[in-house]
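**Q** Got a file for you: upload38.txt, compact mmCIF, C-alpha atoms.
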```txt
# COMPACT_ATOMS: atom_id res chain seq x y z
CA MET A 6 -20.37 35.54 -5.17
CA ALA A 7 -23.48 33.92 -6.67
CA SER A 8 -21.49 32.75 -9.71
CA CYS A 9 -18.90 31.21 -7.37
CA LYS A 10 -21.66 29.24 -5.56
CA LEU A 11 -23.15 28.15 -8.89
CA TYR A 12 -19.71 27.04 -10.10
CA SER A 13 -19.16 25.09 -6.84
CA ALA A 14 -22.55 23.41 -7.16
CA LEU A 15 -21.89 22.44 -10.79
CA LEU A 16 -18.46 21.10 -9.83
CA ALA A 17 -20.01 19.00 -7.05
CA VAL A 18 -22.56 17.54 -9.50
CA ALA A 19 -19.78 16.75 -11.98
CA VAL A 20 -17.80 14.95 -9.26
CA VAL A 21 -20.86 12.91 -8.24
CA LEU A 22 -21.54 11.96 -11.85
CA THR A 23 -17.89 11.02 -12.39
CA VAL A 24 -17.83 8.79 -9.32
CA GLY A 25 -21.19 7.29 -10.25
CA PRO A 26 -21.89 4.11 -12.21
CA ALA A 27 -19.37 4.75 -14.98
CA SER A 28 -16.40 4.33 -12.63
CA ARG A 29 -17.76 1.67 -10.34
CA PRO A 30 -15.61 -1.42 -10.10
CA VAL A 31 -16.20 -3.99 -12.81
CA SER A 32 -14.76 -6.73 -10.64
CA ALA A 33 -16.06 -10.19 -11.28
CA ALA A 34 -16.42 -12.59 -8.35
CA ALA A 35 -14.15 -15.49 -9.15
CA HIS A 36 -12.11 -18.36 -7.78
CA LEU A 37 -8.89 -18.80 -9.73
CA HIS A 38 -6.67 -21.84 -9.27
CA PHE A 39 -3.20 -22.29 -10.73
CA TYR A 40 0.43 -23.07 -9.96
CA MET A 41 3.34 -20.65 -9.77
CA HIS A 42 6.82 -21.82 -10.80
CA ASP A 43 9.48 -19.79 -8.96
CA VAL A 44 12.77 -20.69 -10.69
CA LEU A 45 16.03 -19.05 -9.58
CA THR A 46 18.47 -21.48 -11.19
CA GLY A 47 19.13 -23.06 -14.57
CA SER A 48 19.34 -21.64 -18.05
CA ALA A 49 15.99 -19.80 -17.95
CA PRO A 50 15.32 -18.46 -14.44
CA THR A 51 12.05 -16.60 -13.86
CA ALA A 52 13.27 -15.02 -10.62
CA VAL A 53 16.50 -13.21 -9.83
CA GLN A 54 17.97 -12.03 -6.55
CA VAL A 55 18.79 -8.34 -6.96
CA LEU A 56 19.83 -7.53 -3.40
CA ASN A 57 21.66 -9.49 -0.72
CA GLY A 58 20.71 -8.72 2.84
CA PRO A 59 23.42 -7.54 5.23
CA ARG A 60 23.19 -10.68 7.42
CA GLY A 61 21.65 -14.01 6.66
CA HIS A 62 18.70 -13.73 4.31
CA PHE A 63 17.15 -10.67 6.01
CA GLY A 64 16.75 -8.02 3.29
CA ASP A 65 17.29 -10.36 0.34
CA THR A 66 15.17 -9.06 -2.53
CA ILE A 67 14.05 -11.27 -5.41
CA VAL A 68 12.30 -9.96 -8.54
CA ILE A 69 9.93 -12.41 -10.25
CA ASP A 70 8.33 -13.02 -13.61
CA ASP A 71 7.11 -16.50 -12.70
CA VAL A 72 5.04 -18.71 -14.99
CA LEU A 73 1.51 -19.65 -13.88
CA THR A 74 0.19 -23.00 -15.13
CA GLU A 75 -2.98 -25.07 -14.90
CA SER A 76 -1.27 -27.92 -13.02
CA ALA A 77 1.87 -28.41 -10.94
CA SER A 78 3.70 -29.65 -14.04
CA ARG A 79 5.76 -26.92 -15.73
CA SER A 80 4.75 -28.41 -19.08
CA SER A 81 1.02 -27.86 -18.45
CA SER A 82 -0.81 -24.99 -20.14
CA MET A 83 0.33 -21.52 -19.14
CA VAL A 84 -2.44 -19.27 -17.80
CA GLY A 85 -0.39 -16.20 -16.94
CA ARG A 86 2.57 -14.71 -15.08
CA ALA A 87 3.25 -13.58 -11.54
CA GLN A 88 5.27 -10.37 -11.82
CA GLY A 89 6.67 -8.48 -8.85
CA HIS A 90 9.06 -9.13 -6.00
CA TYR A 91 9.48 -10.65 -2.59
CA ILE A 92 11.70 -9.56 0.25
CA TRP A 93 12.96 -11.58 3.22
CA ALA A 94 11.34 -9.36 5.86
CA SER A 95 12.14 -11.19 9.10
CA THR A 96 15.36 -11.41 11.09
CA GLY A 97 14.23 -14.74 12.54
CA ASN A 98 11.77 -17.03 10.81
CA PRO A 99 11.70 -17.35 7.00
CA GLU A 100 8.98 -14.78 6.31
CA LEU A 101 8.60 -12.80 3.10
CA LEU A 102 6.82 -9.64 2.03
CA VAL A 103 5.27 -10.46 -1.35
CA THR A 104 4.09 -7.84 -3.84
CA MET A 105 3.00 -9.08 -7.26
CA ASN A 106 0.61 -8.74 -10.14
CA VAL A 107 -1.05 -11.93 -11.31
CA VAL A 108 -1.36 -11.25 -15.04
CA LEU A 109 -3.77 -13.61 -16.78
CA THR A 110 -2.97 -14.42 -20.40
CA SER A 111 -5.50 -17.13 -21.27
CA GLY A 112 -8.99 -18.23 -20.38
CA PRO A 113 -12.05 -16.09 -19.66
CA TYR A 114 -10.04 -13.47 -17.73
CA ALA A 115 -7.21 -13.03 -20.26
CA GLY A 116 -5.99 -9.44 -20.22
CA SER A 117 -7.00 -8.90 -16.59
CA SER A 118 -4.77 -8.87 -13.54
CA VAL A 119 -5.00 -9.18 -9.78
CA THR A 120 -2.65 -7.34 -7.42
CA VAL A 121 -1.49 -9.37 -4.41
CA VAL A 122 0.34 -8.11 -1.32
CA GLY A 123 1.05 -9.90 1.91
CA ARG A 124 3.16 -11.84 4.35
CA ASP A 125 4.37 -15.28 3.35
CA ASP A 126 5.36 -17.30 6.41
CA ILE A 127 7.20 -20.03 4.52
CA GLY A 128 6.99 -22.36 7.53
CA ALA A 129 3.17 -22.45 7.47
CA SER A 130 1.49 -25.12 5.36
CA VAL A 131 -1.05 -22.62 3.95
CA ARG A 132 -0.46 -18.88 3.78
CA GLU A 133 -3.00 -16.11 3.19
CA LEU A 134 -2.19 -12.95 1.24
CA SER A 135 -4.44 -10.01 0.31
CA VAL A 136 -5.88 -9.10 -3.07
CA VAL A 137 -5.66 -5.30 -3.05
CA GLY A 138 -6.70 -4.43 -6.59
CA GLY A 139 -6.70 -5.46 -10.19
CA THR A 140 -7.30 -4.47 -13.78
CA GLY A 141 -9.71 -5.41 -16.55
CA GLN A 142 -12.46 -7.67 -15.23
CA PHE A 143 -10.88 -7.37 -11.76
CA ARG A 144 -10.68 -3.59 -11.57
CA MET A 145 -10.69 -2.49 -7.91
CA ALA A 146 -10.82 -6.14 -6.81
CA ARG A 147 -10.63 -7.24 -3.20
CA GLY A 148 -10.12 -10.71 -1.86
CA TYR A 149 -7.45 -13.10 -0.72
CA VAL A 150 -5.02 -15.75 -1.91
CA LEU A 151 -4.38 -19.06 -0.19
CA TRP A 152 -1.12 -20.58 -1.29
CA LYS A 153 0.96 -23.51 -0.34
CA THR A 154 4.26 -24.99 -1.38
CA VAL A 155 3.76 -28.04 -3.60
CA SER A 156 7.43 -28.77 -4.14
CA LEU A 157 10.70 -27.25 -3.04
CA ASP A 158 14.02 -27.90 -4.74
CA HIS A 159 15.87 -25.11 -2.96
CA PRO A 160 15.90 -22.38 -4.09
CA ASN A 161 13.27 -23.29 -6.71
CA ALA A 162 9.65 -23.89 -5.73
CA VAL A 163 6.21 -24.67 -7.12
CA LEU A 164 3.33 -23.01 -5.28
CA GLU A 165 -0.37 -23.76 -5.54
CA LEU A 166 -2.50 -20.61 -5.54
CA ASP A 167 -6.21 -20.32 -4.86
CA VAL A 168 -7.24 -16.73 -5.58
CA TYR A 169 -10.65 -15.58 -4.32
CA VAL A 170 -11.76 -12.28 -5.83
CA MET A 171 -14.91 -10.44 -4.80
```
Would you kindly transcribe this structure into C-alpha cells?
**A**
Amino acid sequence: MASCKLYSALLAVAVVLTVGPASRPVSAAAHLHFYMHDVLTGSAPTAVQVLNGPRGHFGDTIVIDDVLTESASRSSSMVGRAQGHYIWASTGNPELLVTMNVVLTSGPYAGSSVTVVGRDDIGASVRELSVVGGTGQFRMARGYVLWKTVSLDHPNAVLELDVYVM
C-alpha cells in the first residue's frame, strides 16, 4: 500500500513537471495583416466546392488553399496560405462556418500557423472570427480575426484579414 502511495505521489510530481514551463505556450503577441484570395474559377483555382447543399446554398462545402499576400493585389508578395474549408451554414442569410489554418511561409513568423474558426456573416462589412490555436511561435494561441471583403467578383473574392494573437 505504501509503495502504491509513493508511486502515485511520484506520478503526480511528474505530471506537474510535464505541465510546467517546458510545455507552456510559446505564443507571441502579434498583429498580422494580409489579404486572402479566394478563387473558385479560372485555370488555377485555390478553392473548390466539394459538396452541393440540398436546397439553395445551404450545406455547400468549399475546401480552400487560398493564397495570402501583403496587399490586395494578387501579384504582391505571398506571405502564406489559408487552408481549410467553409460551409454555408444558414438556411436564410449568407452565413458561413469557417475553419482554416493560416500557414505563414515568409517573414518573422514563417513556419508558424494560426487556427481560425468562426461565423462569417457575409452581409456584414466587418466580421469577427476566433483564433483557437496555432503552431510554432503561435502554439496554443488565442485571439481574433477581423476580416472584410475588399472585392467580390462572384464567386471569387479578396478578403482583408487583421489577425490579433495573444
**Q** Using only C-alpha atoms, which of A:Tyr114, A:Tyr169, A:Phe143, A:Tyr91 sits nearest Ala52 of chain A?
**A**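 For Ala52 of chain A, the nearest of the candidates is A:Tyr91.
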**Q** Counting all atoms listed in the file, which residue out of A:Arg60, A:His90, A:His38, A:Arg132 sits closest to Glu75 of chain A?
**A**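 Closest to Glu75 of chain A of all the choices is A:His38.
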**Q** What does the distance between atom CA of Pro59 of chain A and atom CA of Lys153 of chain A come to in Å, to one decimal place?
**A**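 Straight-line distance from atom CA of Pro59 of chain A to atom CA of Lys153 of chain A works out to 28.1 Å.
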**Q** Kindly give the distance, in Å, that separates atom CA of Arg147 of chain A and atom CA of Met171 of chain A, rounded to a single decimal.
**A**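 Straight-line distance from atom CA of Arg147 of chain A to atom CA of Met171 of chain A works out to 5.6 Å.
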**Q** Given only C-alpha atoms as the basis, pick out the residue of A:Arg124, A:Ser135, A:Asp71, A:Ser117 nearest to Ala94 of chain A.
**A**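 Ranked by minimum distance to Ala94 of chain A, first place goes to A:Arg124.
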**Q** I need the residue nearest Val108 of chain A from this list: A:Val55, A:Ile127, A:Ala87, A:Leu134. Use all atoms listed in the file for the distance.
**A**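 Looking only at the distances to Val108 of chain A, the closest residue turns out to be A:Ala87.
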**Q** Residues at most 7 Å from Gln88 of chain A, counting only C-alpha atoms, excluding those fewer than 2 positions away in the same chain, as a PDB file with C-alpha atoms, keeping the file's coordinate frame?
**A**
```pdb
ATOM      1  CA  ILE A  69       9.930 -12.410 -10.250  1.00  0.00           C
ATOM      2  CA  ASP A  70       8.330 -13.020 -13.610  1.00  0.00           C
ATOM      3  CA  ASP A  71       7.110 -16.500 -12.700  1.00  0.00           C
ATOM      4  CA  ARG A  86       2.570 -14.710 -15.080  1.00  0.00           C
ATOM      5  CA  MET A 105       3.000  -9.080  -7.260  1.00  0.00           C
ATOM      6  CA  ASN A 106       0.610  -8.740 -10.140  1.00  0.00           C
ATOM      7  CA  VAL A 107      -1.050 -11.930 -11.310  1.00  0.00           C
TER       8      VAL A 107
END
```
